[in-house]
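As structure tokens, the structure follows; a few thoughts come after it.
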Amino acid sequence: MKIESLNSKTLLVELTKKEMQSYNLTYESLENCPDACRAIKDILSQASPSKRRGGVLVEALPTDSGGCFFIFTFRGLPRYKLKRTDWAARFEGCDDLLDFISALSRGNFGKSELEIYLMNGKLYCIAASPTETLSRVIGEYSFGFGEPETVREHGKLLKSLSFN
């Protein structure tokens, strides 16, 4: 387990695939796994042994190797809340975006909801809570990432897509 303090209220914790397996977890199962709350509390107690008052927002992002990044933000919330994070991938041009969409249509990535935006002359594709496999494909075809909230607020929605 790798632990990094991002600021006074936020910790970044990386678990390997083996560590995720020791908790009987996968990225895809985080929201519906009965062991998830117990595992997250255990991870948090190891990452931040000092007692913190209030609640914690927990965000999760898959790693390329089958592990997971957890972002713990101490916010004074009344309880733990797990949120699978949306990704906003940036594409340099239409060809790159079309190659990515073509790869999606050929693969089996589970149900995927995508939104295509134009912002500051760049194309962005927001993937809502992508699966680990979809995250890998996004990484292969994209040229960077943006904040989904910023893209949604300031970008122009061009198209919404669904894949099964």
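Residues in the structure tokens are named by chain (A, B, ... in the order shown) and by number from 1 within that chain; ligands are numbered from 1 in the order shown.
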- Message: DSSP on the backbone, strand (DSSP E or B) only: what residues of chain A does that give? Format it as number ranges by chain.
- Response: A: 2-7, 10-15, 56-62, 68-74, 81-84, 87-91, 112-119, 122-127, 145-146, 156-163
Could the residues in this selection be written to a file with C-alpha atoms, as a PDB file, in the first residue's frame?
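Final output, selection04.pdb:
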```pdb
ATOM      1  CA  LYS A   2       1.394   3.365  -1.040  1.00  0.00           C
ATOM      2  CA  ILE A   3       0.170   6.382   0.915  1.00  0.00           C
ATOM      3  CA  GLU A   4       0.647  10.025  -0.077  1.00  0.00           C
ATOM      4  CA  SER A   5      -0.704  13.105   1.659  1.00  0.00           C
ATOM      5  CA  LEU A   6      -2.020  15.492  -1.003  1.00  0.00           C
ATOM      6  CA  ASN A   7      -2.906  18.202   1.522  1.00  0.00           C
ATOM      7  CA  THR A  10      -6.707  14.559   1.501  1.00  0.00           C
ATOM      8  CA  LEU A  11      -4.828  11.264   1.293  1.00  0.00           C
ATOM      9  CA  LEU A  12      -4.043   9.254  -1.848  1.00  0.00           C
ATOM     10  CA  VAL A  13      -3.702   5.515  -1.281  1.00  0.00           C
ATOM     11  CA  GLU A  14      -2.684   3.026  -3.987  1.00  0.00           C
ATOM     12  CA  LEU A  15      -3.483  -0.643  -3.578  1.00  0.00           C
ATOM     13  CA  VAL A  56     -14.790  10.888   4.751  1.00  0.00           C
ATOM     14  CA  LEU A  57     -15.489  11.097   1.035  1.00  0.00           C
ATOM     15  CA  VAL A  58     -13.865   8.131  -0.711  1.00  0.00           C
ATOM     16  CA  GLU A  59     -13.149   8.286  -4.438  1.00  0.00           C
ATOM     17  CA  ALA A  60     -11.780   5.345  -6.395  1.00  0.00           C
ATOM     18  CA  LEU A  61      -9.886   5.113  -9.687  1.00  0.00           C
ATOM     19  CA  PRO A  62      -8.637   1.873 -11.255  1.00  0.00           C
ATOM     20  CA  CYS A  68      -6.959   0.904  -7.329  1.00  0.00           C
ATOM     21  CA  PHE A  69      -6.261   4.455  -6.199  1.00  0.00           C
ATOM     22  CA  PHE A  70      -8.351   5.645  -3.267  1.00  0.00           C
ATOM     23  CA  ILE A  71      -8.642   9.344  -2.518  1.00  0.00           C
ATOM     24  CA  PHE A  72      -9.767  10.015   1.054  1.00  0.00           C
ATOM     25  CA  THR A  73     -11.059  13.547   1.662  1.00  0.00           C
ATOM     26  CA  PHE A  74     -11.897  14.399   5.253  1.00  0.00           C
ATOM     27  CA  LYS A  81     -19.488   7.653   1.049  1.00  0.00           C
ATOM     28  CA  LEU A  82     -17.923   5.787  -1.866  1.00  0.00           C
ATOM     29  CA  LYS A  83     -17.864   7.460  -5.240  1.00  0.00           C
ATOM     30  CA  ARG A  84     -16.502   5.878  -8.400  1.00  0.00           C
ATOM     31  CA  TRP A  87     -12.888  10.403 -16.202  1.00  0.00           C
ATOM     32  CA  ALA A  88     -12.605  13.258 -18.702  1.00  0.00           C
ATOM     33  CA  ALA A  89     -10.108  12.144 -21.357  1.00  0.00           C
ATOM     34  CA  ARG A  90      -8.688  14.728 -23.769  1.00  0.00           C
ATOM     35  CA  PHE A  91      -8.186  13.935 -27.458  1.00  0.00           C
ATOM     36  CA  SER A 112     -20.462   2.413 -20.897  1.00  0.00           C
ATOM     37  CA  GLU A 113     -21.996   5.882 -20.892  1.00  0.00           C
ATOM     38  CA  LEU A 114     -19.909   8.498 -22.691  1.00  0.00           C
ATOM     39  CA  GLU A 115     -20.328  12.206 -23.312  1.00  0.00           C
ATOM     40  CA  ILE A 116     -18.318  13.996 -26.012  1.00  0.00           C
ATOM     41  CA  TYR A 117     -17.527  17.695 -25.372  1.00  0.00           C
ATOM     42  CA  LEU A 118     -15.681  20.497 -27.135  1.00  0.00           C
ATOM     43  CA  MET A 119     -13.833  22.873 -24.810  1.00  0.00           C
ATOM     44  CA  LYS A 122     -10.008  20.265 -27.601  1.00  0.00           C
ATOM     45  CA  LEU A 123     -12.276  17.233 -27.635  1.00  0.00           C
ATOM     46  CA  TYR A 124     -13.079  15.540 -24.349  1.00  0.00           C
ATOM     47  CA  CYS A 125     -14.824  12.265 -23.656  1.00  0.00           C
ATOM     48  CA  ILE A 126     -16.301  11.838 -20.186  1.00  0.00           C
ATOM     49  CA  ALA A 127     -16.723   8.231 -19.117  1.00  0.00           C
ATOM     50  CA  PHE A 145      -7.233  14.263 -18.682  1.00  0.00           C
ATOM     51  CA  GLY A 146      -9.407  17.097 -17.460  1.00  0.00           C
ATOM     52  CA  LYS A 156     -20.183  22.237 -25.300  1.00  0.00           C
ATOM     53  CA  LEU A 157     -21.852  18.809 -25.285  1.00  0.00           C
ATOM     54  CA  LEU A 158     -21.607  17.377 -28.780  1.00  0.00           C
ATOM     55  CA  LYS A 159     -22.933  13.840 -28.314  1.00  0.00           C
ATOM     56  CA  SER A 160     -23.946  11.277 -25.669  1.00  0.00           C
ATOM     57  CA  LEU A 161     -23.173   7.625 -26.433  1.00  0.00           C
ATOM     58  CA  SER A 162     -24.040   4.307 -24.835  1.00  0.00           C
ATOM     59  CA  PHE A 163     -22.221   1.010 -25.356  1.00  0.00           C
TER      60      PHE A 163
END
```
- Task: Mind checking which residues fall within 10 Å of segment 16-18 of chain A, counting only C-alpha atoms, ignoring those fewer than 2 positions away in the same chain, and posting them as a PyMOL selection string?
- Result: chain A and resi 1-2+14+20-27+62-69
Can those selected residues be exported to a file as an mmCIF file, in the first residue's frame so that it contains C-alpha atoms?
```cif
data_model
loop_
_atom_site.group_PDB
_atom_site.id
_atom_site.type_symbol
_atom_site.label_atom_id
_atom_site.label_comp_id
_atom_site.auth_asym_id
_atom_site.auth_seq_id
_atom_site.Cartn_x
_atom_site.Cartn_y
_atom_site.Cartn_z
ATOM 1 C CA MET A 1 0.000 0.000 0.000
ATOM 2 C CA LYS A 2 1.394 3.365 -1.040
ATOM 3 C CA GLU A 14 -2.684 3.026 -3.987
ATOM 4 C CA MET A 20 -7.320 -5.607 -3.621
ATOM 5 C CA GLN A 21 -7.684 -9.403 -3.814
ATOM 6 C CA SER A 22 -6.770 -9.727 -0.140
ATOM 7 C CA TYR A 23 -9.871 -7.619 0.586
ATOM 8 C CA ASN A 24 -11.893 -9.654 -1.935
ATOM 9 C CA LEU A 25 -12.436 -6.490 -4.006
ATOM 10 C CA THR A 26 -12.232 -5.356 -7.594
ATOM 11 C CA TYR A 27 -12.783 -1.831 -8.876
ATOM 12 C CA PRO A 62 -8.637 1.873 -11.255
ATOM 13 C CA THR A 63 -4.948 1.399 -12.037
ATOM 14 C CA ASP A 64 -3.638 -0.210 -15.221
ATOM 15 C CA SER A 65 -2.313 -3.167 -13.231
ATOM 16 C CA GLY A 66 -5.659 -4.136 -11.662
ATOM 17 C CA GLY A 67 -5.177 -2.226 -8.440
ATOM 18 C CA CYS A 68 -6.959 0.904 -7.329
ATOM 19 C CA PHE A 69 -6.261 4.455 -6.199
#
```
- Query: Pick the closest to Pro148 of chain A from A:Asp86, A:Ser135, A:Cys37, A:Asp95: which is it, counting only C-alpha atoms?
  - Reply: A:Asp86
